[in-house]
Each structure stands twice: as structure tokens, then as C-alpha cells.
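Just upload-v4.cif here, mmCIF, C-alpha atoms:
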```cif
data_model
loop_
_atom_site.group_PDB
_atom_site.id
_atom_site.type_symbol
_atom_site.label_atom_id
_atom_site.label_comp_id
_atom_site.auth_asym_id
_atom_site.auth_seq_id
_atom_site.Cartn_x
_atom_site.Cartn_y
_atom_site.Cartn_z
ATOM 1 C CA MET A 1 27.176 111.994 107.618
ATOM 2 C CA PHE A 2 29.843 109.593 108.811
ATOM 3 C CA PRO A 3 33.321 110.734 109.892
ATOM 4 C CA THR A 4 36.202 109.837 107.577
ATOM 5 C CA ILE A 5 38.583 107.284 109.025
ATOM 6 C CA HIS A 6 42.130 107.050 107.716
ATOM 7 C CA ILE A 7 43.939 103.779 108.219
ATOM 8 C CA LEU A 8 47.700 104.084 108.103
ATOM 9 C CA ALA A 9 49.780 101.328 106.606
ATOM 10 C CA PRO A 10 52.029 99.560 109.138
ATOM 11 C CA LEU A 11 55.601 100.799 109.270
ATOM 12 C CA ARG A 12 58.213 98.386 108.077
ATOM 13 C CA THR A 13 61.538 98.031 109.863
ATOM 14 C CA ARG A 14 63.453 99.277 106.857
ATOM 15 C CA ASP A 15 61.243 102.369 106.742
ATOM 16 C CA LEU A 16 62.251 103.125 110.309
ATOM 17 C CA GLN A 17 65.953 102.890 109.555
ATOM 18 C CA ARG A 18 67.639 105.961 108.211
ATOM 19 C CA GLU A 19 68.918 105.669 104.699
ATOM 20 C CA LYS A 20 72.696 105.524 104.719
ATOM 21 C CA PRO A 21 74.202 108.007 102.324
ATOM 22 C CA ARG A 22 75.870 106.001 99.576
ATOM 23 C CA LEU A 23 79.607 106.188 99.109
ATOM 24 C CA PRO A 24 81.028 106.646 95.613
ATOM 25 C CA GLU A 25 81.726 103.323 93.902
ATOM 26 C CA TYR A 26 85.222 101.935 94.425
ATOM 27 C CA HIS A 27 87.074 98.707 93.788
ATOM 28 C CA VAL A 28 89.329 96.907 96.314
ATOM 29 C CA VAL A 29 92.431 94.951 95.260
ATOM 30 C CA VAL A 30 94.642 92.968 97.645
ATOM 31 C CA ASP A 31 98.150 92.491 96.279
ATOM 32 C CA ASP A 32 100.142 91.136 99.229
ATOM 33 C CA VAL A 33 99.410 88.894 102.204
ATOM 34 C CA THR A 34 102.075 87.840 104.680
ATOM 35 C CA GLY A 35 101.854 86.499 108.160
ATOM 36 C CA GLY A 36 101.530 83.597 110.434
ATOM 37 C CA GLU A 37 99.136 81.387 112.316
ATOM 38 C CA ILE A 38 97.303 84.089 114.256
ATOM 39 C CA ALA A 39 97.289 87.151 111.998
ATOM 40 C CA ASN A 40 98.200 88.215 108.483
ATOM 41 C CA ILE A 41 99.368 91.559 107.148
ATOM 42 C CA ILE A 42 97.473 92.526 104.023
ATOM 43 C CA ARG A 43 98.398 95.238 101.567
ATOM 44 C CA GLY A 44 96.369 96.537 98.703
ATOM 45 C CA TYR A 45 94.725 99.511 97.159
ATOM 46 C CA ILE A 46 91.371 100.911 96.249
ATOM 47 C CA GLU A 47 90.614 102.188 92.792
ATOM 48 C CA VAL A 48 88.329 105.198 92.678
ATOM 49 C CA ASN A 49 87.932 107.926 90.063
ATOM 50 C CA GLY A 50 90.887 106.568 88.098
ATOM 51 C CA GLU A 51 93.389 106.674 90.969
ATOM 52 C CA LYS A 52 94.850 104.055 93.288
ATOM 53 C CA ILE A 53 95.002 104.703 97.024
ATOM 54 C CA ARG A 54 97.065 102.238 99.069
ATOM 55 C CA PHE A 55 96.097 100.658 102.389
ATOM 56 C CA LYS A 56 97.423 97.974 104.659
ATOM 57 C CA GLY A 57 95.795 96.091 107.444
ATOM 58 C CA ILE A 58 95.773 93.177 109.813
ATOM 59 C CA ALA A 59 93.543 90.177 109.149
ATOM 60 C CA TYR A 60 92.989 87.964 112.139
ATOM 61 C CA GLY A 61 90.607 85.669 113.906
ATOM 62 C CA ARG A 62 90.338 81.960 114.213
ATOM 63 C CA TYR A 63 87.901 81.799 117.133
ATOM 64 C CA GLY A 64 84.736 83.861 116.980
ATOM 65 C CA GLY A 65 85.092 84.711 113.302
ATOM 66 C CA GLN A 66 87.303 86.674 110.985
ATOM 67 C CA ASN A 67 88.077 90.372 111.215
ATOM 68 C CA VAL A 68 90.208 92.856 109.324
ATOM 69 C CA ALA A 69 91.537 96.153 110.640
ATOM 70 C CA PRO A 70 92.488 98.316 107.653
ATOM 71 C CA ARG A 71 95.062 101.066 108.244
ATOM 72 C CA LEU A 72 95.426 104.187 106.138
ATOM 73 C CA SER A 73 98.350 106.578 106.067
ATOM 74 C CA PRO A 74 97.717 110.289 106.744
ATOM 75 C CA VAL A 75 98.314 111.000 103.034
ATOM 76 C CA ALA A 76 95.795 108.299 102.019
ATOM 77 C CA LYS A 77 93.244 109.723 104.476
ATOM 78 C CA LYS A 78 93.591 113.184 102.920
ATOM 79 C CA ARG A 79 93.054 111.758 99.437
ATOM 80 C CA LEU A 80 90.074 109.716 100.642
ATOM 81 C CA LYS A 81 88.516 112.726 102.359
ATOM 82 C CA VAL A 82 88.433 114.526 99.014
ATOM 83 C CA VAL A 83 86.639 111.580 97.355
ATOM 84 C CA PHE A 84 84.423 110.234 100.148
ATOM 85 C CA GLY A 85 84.058 113.123 102.578
ATOM 86 C CA ASP A 86 83.549 111.005 105.692
ATOM 87 C CA VAL A 87 86.737 108.927 106.034
ATOM 88 C CA SER A 88 85.461 106.941 109.028
ATOM 89 C CA LYS A 89 82.393 105.840 107.033
ATOM 90 C CA PHE A 90 84.713 104.794 104.195
ATOM 91 C CA GLU A 91 86.959 102.844 106.616
ATOM 92 C CA GLU A 92 83.919 100.992 107.953
ATOM 93 C CA ASP A 93 82.789 100.156 104.424
ATOM 94 C CA LEU A 94 86.305 99.019 103.440
ATOM 95 C CA GLN A 95 86.449 96.769 106.511
ATOM 96 C CA GLN A 96 83.107 95.194 105.595
ATOM 97 C CA LYS A 97 84.291 94.566 102.025
ATOM 98 C CA LEU A 98 87.506 92.932 103.232
ATOM 99 C CA VAL A 99 85.752 90.711 105.796
ATOM 100 C CA SER A 100 83.071 89.622 103.310
ATOM 101 C CA GLY A 101 85.598 88.899 100.546
ATOM 102 C CA ASP A 102 84.365 91.690 98.265
ATOM 103 C CA PHE A 103 87.782 92.311 96.688
ATOM 104 C CA ASP A 104 90.040 91.056 93.928
ATOM 105 C CA VAL A 105 93.495 89.576 94.319
ATOM 106 C CA ASP A 106 96.214 90.830 91.970
ATOM 107 C CA PRO A 107 97.499 87.464 90.671
ATOM 108 C CA VAL A 108 100.935 88.728 89.572
ATOM 109 C CA ALA A 109 101.597 90.447 92.892
ATOM 110 C CA ALA A 110 100.182 87.488 94.821
ATOM 111 C CA GLU A 111 102.535 85.074 93.047
ATOM 112 C CA ALA A 112 105.534 87.333 93.735
ATOM 113 C CA SER A 113 104.488 87.580 97.394
ATOM 114 C CA LYS A 114 104.146 83.783 97.628
ATOM 115 C CA LYS A 115 107.635 83.237 96.170
ATOM 116 C CA LYS A 116 109.117 85.824 98.526
ATOM 117 C CA GLU A 117 107.501 84.133 101.530
ATOM 118 C CA GLU A 118 108.749 80.696 100.393
ATOM 119 C CA LEU A 119 112.307 82.051 100.120
ATOM 120 C CA GLU A 120 112.107 83.587 103.574
ATOM 121 C CA HIS A 121 110.736 80.345 104.963
ATOM 122 C CA ARG A 122 113.634 78.358 103.467
ATOM 123 C CA HIS A 123 116.228 80.774 104.906
ATOM 124 C CA THR A 124 114.753 80.615 108.404
ATOM 125 C CA HIS A 125 114.527 76.813 108.378
ATOM 126 C CA SER A 126 117.942 76.027 106.864
#
```
Can the structure from this file be put into C-alpha cells for me?
Amino acid sequence: MFPTIHILAPLRTRDLQREKPRLPEYHVVVDDVTGGEIANIIRGYIEVNGEKIRFKGIAYGRYGGQNVAPRLSPVAKKRLKVVFGDVSKFEEDLQQKLVSGDFDVDPVAAEASKKKEELEHRHTHS
């Protein structure tokens, strides 16, 4: 009688990586961008479970690529902890969405922001 030989299938890279726990679905909206040549201040909110949670951040980078550093208030972090559990994992995900352009722009707020910036520009150059 011959011994039984078991041949294992090769492991794929994705099989070796741990599955990331999925965050609840949320939607990102940017409603204000102001700034200059080097960096911009962005303001917006995320929509999750029927509520809006505000954030702001700094978008920068001309050399070496773009980056965004979102900032959350202590109150926003408390609200996010209830929804997402791990706030740092959420912040990382939010940053990736902002850098990759996975967000909507509120057109009404964007137009108001543009007009405000044009007025400020006229006053500083008059």
C-alpha cells in the first residue's frame, strides 16, 4: 500500500494578509476650501447613520504628491467612537478617501465659499 501524499495549494499574498475589519459605510462631503499656494484648509462633514459629523483639515503637497491631514474636534471624536469604535482607523480611512478624491463637493456651499474668497481677495488687493 502506498502512503497518501497531500499537496497543499500555494498561499497567495492576499491570504497572508489579515482581513481588515470593515468600517460602517459613510459618505464624505467637502463644503469649504480656502487657502493659498502651499496648503488649503478644507471643511466638511461625514454622513453616517443619518447624522452629520463635521471635520476640518489641511490639504497640501505640490512636490512628492498630495496629502490631507483631517482634524476632528473632541466632540466629533466622541460621536465617531460610538459609530466606528476605533477612531484612529476611521481617521486613516477618511484621509485615504480625501486623498483619493472619494468625496462629494456641496455645490451651494462651494459657490458661497468661492464668492467669499473673491471678496477677500479684492479687499486685500485694493
Polymer residues at most 12 Å from Val108 of chain A, only C-alpha atoms, same-chain spacing of 6 or more positions, as a ChimeraX atom specification: /A:29-32,114-115
Closest of A:Arg22, A:Asn67, A:Lys81, A:Leu94 to Phe55 of chain A - atom-to-atom distances counting only C-alpha atoms: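 That would be A:Leu94, the residue with the smallest distance to Phe55 of chain A.
Residues matching the PyMOL selection byres ((chain A and resi 56-58) around 8) in this structure come to Ala39, Asn40, Ile41, Ile42, Arg43, Gly44, Arg54, Phe55, Ala59, Tyr60, Val68, Ala69, Pro70, Arg71 and Leu72 of chain A.
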Picked residues, the PyMOL selection byres ((chain A and resi 49) around 9), as a ChimeraX atom specification: /A:24-26,47-48,50-52,83
Using all atoms listed in the file: which of A:Lys77, A:Thr34, A:Glu111, A:His27 has the shortest distance to Lys97 of chain A: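 Among A:Lys77, A:Thr34, A:Glu111, A:His27, it is A:His27 that comes nearest to Lys97 of chain A.
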Atomic separation - atom CA of Val28 of chain A relative to atom CA of Asp102 of chain A, Å: 7.5 Å
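Between atom CA of Glu37 of chain A and atom CA of Ala110 of chain A the interatomic distance comes to 18.6 Å.
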